[in-house]
Amino acid sequence: MAESNAVYNSTTVQEPKAGKCFIVPSEYLDKWRFGIKVAAVLFSLVAFILEEVVLHCKYCPPLYFFEFVSCTAFLFTGLLVVLLSTPLHQRVGISCWLMLDFSYTVVVGLLFLIASAAFAKDNGGSAVEKTSVAFGFIATLLFLVDAVVLAKTKGLPCLSKAQPAQTQNQTAEGEKLNATGSE
C-alpha cells in the first residue's frame with residue numbers, strides 16, 4: 001500500500017487542510033507580499049484613524065480626499081488580502097486575480113500619493129495631521145513596493161497574454177501519449 005502511494009506523490013497535489021483558514025503562500029500571494037499587504041492595511045488604518053481625530057481643518061477638501069482614500073485602501077485591501085490568502089477567491093468567479101491585484105495596488109498607491117501630498121500641503125500643521133500624512137506616505141510606499149514585487153515575481157500581468165507554461169506542457173504530453181498509442 002505504501003509503495004502504491006509513492007507512485008502518485010510526485011504527480012498529485014495534496015488538498016489544503018480543511019481547518020486551515022489562511023493559505024500563505026498561495027498561487028496569488030507569497031509570504032513577502034502577504035506581509036507587505038498586511039502592513040499596508042495597518043498603515044492605511046492608522047492614517048485613517050489619525051485623520052478622523054483632526055478636529056479643525058484649515059482647508060477641508062484635501063482632508064476629505066485623504067479620508068476617502070485611506071478608508072477605501074484599508075477596507076478594500078483588507079478584503080483583497082482575505083480573498084487571496086483564503087480559499088474564498090475560488091468562489092468569487094474572478095479568473096484574472098493577478099491583473100486585478102496589480103491594477104488595484106498601483107491605482108491605490110497613486111491615489112494615496114496624491115491624497116497624502118495634497119493633505120501635506122494644505123493642513124493646519126498639528127501633530128496629528130503631520131503624523132497622519134506620514135502614515136499616508138508610508139502606506140503609499142508599501143502599495144507601490146507591493147506592485148513592484150508582484151511585477152518582479154510574476155511579471156506584468158497586463159503584458160502576459162501567452163498561454164501558461166503548465167497548459168503548454170500538458171498539451172505536449174497529451175500529444176506524446178496520443179502518438180505512442182497510435183503506433
# chains A, B, ... in the order shown; residues from 1 in each chain; ligands from 1
>>> residues_around(residues="region 75-90 of chain A", least_positions_apart="4", cutoff="12 Å", atoms="only C-alpha atoms", output="compact mmCIF listing (two decimals) with N, CA and C atoms, in the first residue's frame")
# COMPACT_ATOMS: atom_id res chain seq x y z
N GLU A 15 -4.57 18.32 -1.06
CA GLU A 15 -5.58 19.33 -0.77
C GLU A 15 -5.20 20.03 0.53
N PRO A 16 -5.42 21.35 0.62
CA PRO A 16 -5.15 22.02 1.88
C PRO A 16 -6.07 21.48 2.98
N LYS A 17 -5.57 21.52 4.19
CA LYS A 17 -6.36 21.01 5.31
C LYS A 17 -7.60 21.88 5.50
N ALA A 18 -8.70 21.24 5.81
CA ALA A 18 -9.97 21.95 5.94
C ALA A 18 -9.98 22.92 7.11
N GLY A 19 -9.23 22.65 8.16
CA GLY A 19 -9.23 23.50 9.34
C GLY A 19 -8.38 24.75 9.20
N LYS A 20 -7.61 24.86 8.14
CA LYS A 20 -6.70 25.98 7.97
C LYS A 20 -7.40 27.09 7.20
N CYS A 21 -7.48 28.28 7.81
CA CYS A 21 -8.17 29.41 7.18
C CYS A 21 -7.29 30.12 6.16
N PHE A 22 -6.11 30.54 6.58
CA PHE A 22 -5.22 31.28 5.70
C PHE A 22 -4.23 30.33 5.04
N ILE A 23 -4.12 30.43 3.73
CA ILE A 23 -3.21 29.58 2.97
C ILE A 23 -2.17 30.50 2.32
N VAL A 24 -1.07 30.72 3.04
CA VAL A 24 0.01 31.56 2.53
C VAL A 24 1.28 30.76 2.66
N PRO A 25 2.04 30.58 1.63
CA PRO A 25 1.89 31.13 0.29
C PRO A 25 0.83 30.39 -0.53
N SER A 26 0.24 31.14 -1.44
CA SER A 26 -0.73 30.55 -2.37
C SER A 26 -0.28 30.90 -3.78
N GLU A 27 -1.08 30.52 -4.76
CA GLU A 27 -0.69 30.80 -6.15
C GLU A 27 -0.71 32.30 -6.46
N TYR A 28 -1.43 33.10 -5.69
CA TYR A 28 -1.53 34.53 -5.95
C TYR A 28 -0.82 35.40 -4.93
N LEU A 29 -0.44 34.84 -3.79
CA LEU A 29 0.11 35.65 -2.72
C LEU A 29 1.19 34.87 -1.99
N ASP A 30 2.45 35.33 -2.11
CA ASP A 30 3.53 34.69 -1.37
C ASP A 30 3.67 35.34 0.00
N LYS A 31 4.58 34.84 0.81
CA LYS A 31 4.72 35.34 2.19
C LYS A 31 5.16 36.80 2.23
N ARG A 33 4.70 39.25 -0.06
CA ARG A 33 3.61 40.14 -0.47
C ARG A 33 2.48 40.13 0.55
N PHE A 34 2.25 39.00 1.20
CA PHE A 34 1.24 38.95 2.26
C PHE A 34 1.63 39.91 3.38
N GLY A 35 2.90 39.88 3.77
CA GLY A 35 3.38 40.79 4.81
C GLY A 35 3.28 42.25 4.41
N ILE A 36 3.63 42.53 3.15
CA ILE A 36 3.56 43.91 2.65
C ILE A 36 2.11 44.38 2.63
N LYS A 37 1.20 43.52 2.17
CA LYS A 37 -0.22 43.89 2.11
C LYS A 37 -0.81 44.10 3.49
N VAL A 38 -0.46 43.25 4.44
CA VAL A 38 -0.96 43.41 5.81
C VAL A 38 -0.44 44.72 6.39
N ALA A 39 0.84 45.01 6.16
CA ALA A 39 1.41 46.29 6.64
C ALA A 39 0.71 47.47 6.00
N ALA A 40 0.42 47.38 4.69
CA ALA A 40 -0.29 48.47 4.00
C ALA A 40 -1.69 48.66 4.59
N VAL A 41 -2.36 47.57 4.92
CA VAL A 41 -3.68 47.66 5.54
C VAL A 41 -3.57 48.37 6.90
N LEU A 42 -2.60 47.97 7.69
CA LEU A 42 -2.44 48.57 9.02
C LEU A 42 -2.06 50.05 8.94
N PHE A 43 -1.14 50.41 8.04
CA PHE A 43 -0.77 51.81 7.91
C PHE A 43 -1.93 52.64 7.37
N SER A 44 -2.72 52.08 6.48
CA SER A 44 -3.91 52.78 5.99
C SER A 44 -4.91 53.00 7.11
N LEU A 45 -5.09 51.99 7.95
CA LEU A 45 -6.00 52.12 9.08
C LEU A 45 -5.52 53.20 10.05
N PHE A 48 -6.07 56.59 8.56
CA PHE A 48 -7.49 56.92 8.62
C PHE A 48 -7.92 57.34 10.02
N PHE A 68 -11.16 59.67 2.38
CA PHE A 68 -11.75 58.72 1.43
C PHE A 68 -10.73 57.68 0.99
N VAL A 69 -9.54 58.13 0.60
CA VAL A 69 -8.52 57.21 0.08
C VAL A 69 -8.03 56.26 1.18
N SER A 70 -7.76 56.78 2.36
CA SER A 70 -7.24 55.92 3.43
C SER A 70 -8.29 54.89 3.88
N CYS A 71 -9.54 55.30 3.96
CA CYS A 71 -10.60 54.36 4.34
C CYS A 71 -10.82 53.31 3.25
N ILE A 94 -13.78 35.29 -10.24
CA ILE A 94 -12.83 36.13 -10.96
C ILE A 94 -11.68 35.24 -11.40
N SER A 95 -11.33 35.31 -12.67
CA SER A 95 -10.27 34.44 -13.17
C SER A 95 -8.93 35.15 -13.33
N CYS A 96 -8.91 36.47 -13.27
CA CYS A 96 -7.67 37.22 -13.51
C CYS A 96 -7.23 37.94 -12.23
N TRP A 97 -6.96 37.18 -11.18
CA TRP A 97 -6.61 37.76 -9.88
C TRP A 97 -5.33 38.57 -9.94
N LEU A 98 -4.32 38.11 -10.68
CA LEU A 98 -3.06 38.85 -10.73
C LEU A 98 -3.25 40.21 -11.38
N LEU A 100 -6.09 41.95 -11.50
CA LEU A 100 -6.88 42.73 -10.57
C LEU A 100 -6.01 43.24 -9.42
N ASP A 101 -5.20 42.37 -8.85
CA ASP A 101 -4.33 42.74 -7.74
C ASP A 101 -3.33 43.82 -8.16
N PHE A 102 -2.68 43.63 -9.30
CA PHE A 102 -1.69 44.59 -9.76
C PHE A 102 -2.34 45.95 -10.06
N TYR A 104 -5.23 47.21 -9.03
CA TYR A 104 -5.75 47.81 -7.80
C TYR A 104 -4.61 48.41 -6.98
N THR A 105 -3.53 47.67 -6.82
CA THR A 105 -2.41 48.13 -5.99
C THR A 105 -1.77 49.38 -6.56
N VAL A 106 -1.58 49.43 -7.87
CA VAL A 106 -0.99 50.62 -8.50
C VAL A 106 -1.93 51.82 -8.35
N VAL A 107 -3.21 51.64 -8.62
CA VAL A 107 -4.17 52.75 -8.53
C VAL A 107 -4.26 53.28 -7.10
N VAL A 108 -4.37 52.39 -6.13
CA VAL A 108 -4.47 52.84 -4.74
C VAL A 108 -3.17 53.51 -4.30
N GLY A 109 -2.03 52.98 -4.73
CA GLY A 109 -0.76 53.61 -4.39
C GLY A 109 -0.67 55.02 -4.94
N ALA A 139 2.15 54.23 3.76
CA ALA A 139 1.20 53.33 3.10
C ALA A 139 1.38 53.40 1.58
N LEU A 142 4.33 51.36 0.66
CA LEU A 142 4.03 49.94 0.76
C LEU A 142 3.22 49.45 -0.44
N PHE A 143 2.24 50.23 -0.87
CA PHE A 143 1.44 49.83 -2.04
C PHE A 143 2.30 49.75 -3.29
N ASP A 146 4.63 46.79 -3.14
CA ASP A 146 3.87 45.57 -3.42
C ASP A 146 3.68 45.38 -4.93
>>> select_by_dssp(residues="region 47-135 of chain A", states="helix (DSSP H, G or I)", output="MDAnalysis selection string")
chainID A and resid 47:53 60:85 89:92 97:121 127:135
>>> atom_distance(atom1="CA of Phe74 (chain A)", atom2="CA of Val46 (chain A)")
9.2 Å
>>> closest_residue(among="A:Val53, A:Leu150, A:Leu141, A:Ala73", to="Leu113 (chain A)", atoms="only C-alpha atoms")
A:Leu141
>>> closest_residue(among="A:Lys130, A:Lys154, A:Lys121, A:Arg91", to="Glu51 (chain A)", atoms="only C-alpha atoms")
A:Lys130
>>> closest_residue(among="A:Ser116, A:Ser132, A:Ser126, A:Ser103", to="Leu144 (chain A)", atoms="only C-alpha atoms")
A:Ser103
>>> atom_distance(atom1="CA of Gly93 (chain A)", atom2="CA of Val145 (chain A)")
27.4 Å
>>> atom_distance(atom1="CA of Ala117 (chain A)", atom2="CA of Val133 (chain A)")
7.9 Å
>>> closest_residue(among="A:Ile114, A:Ile138, A:Ala127, A:Met99", to="Ala47 (chain A)", atoms="only C-alpha atoms")
A:Ile138
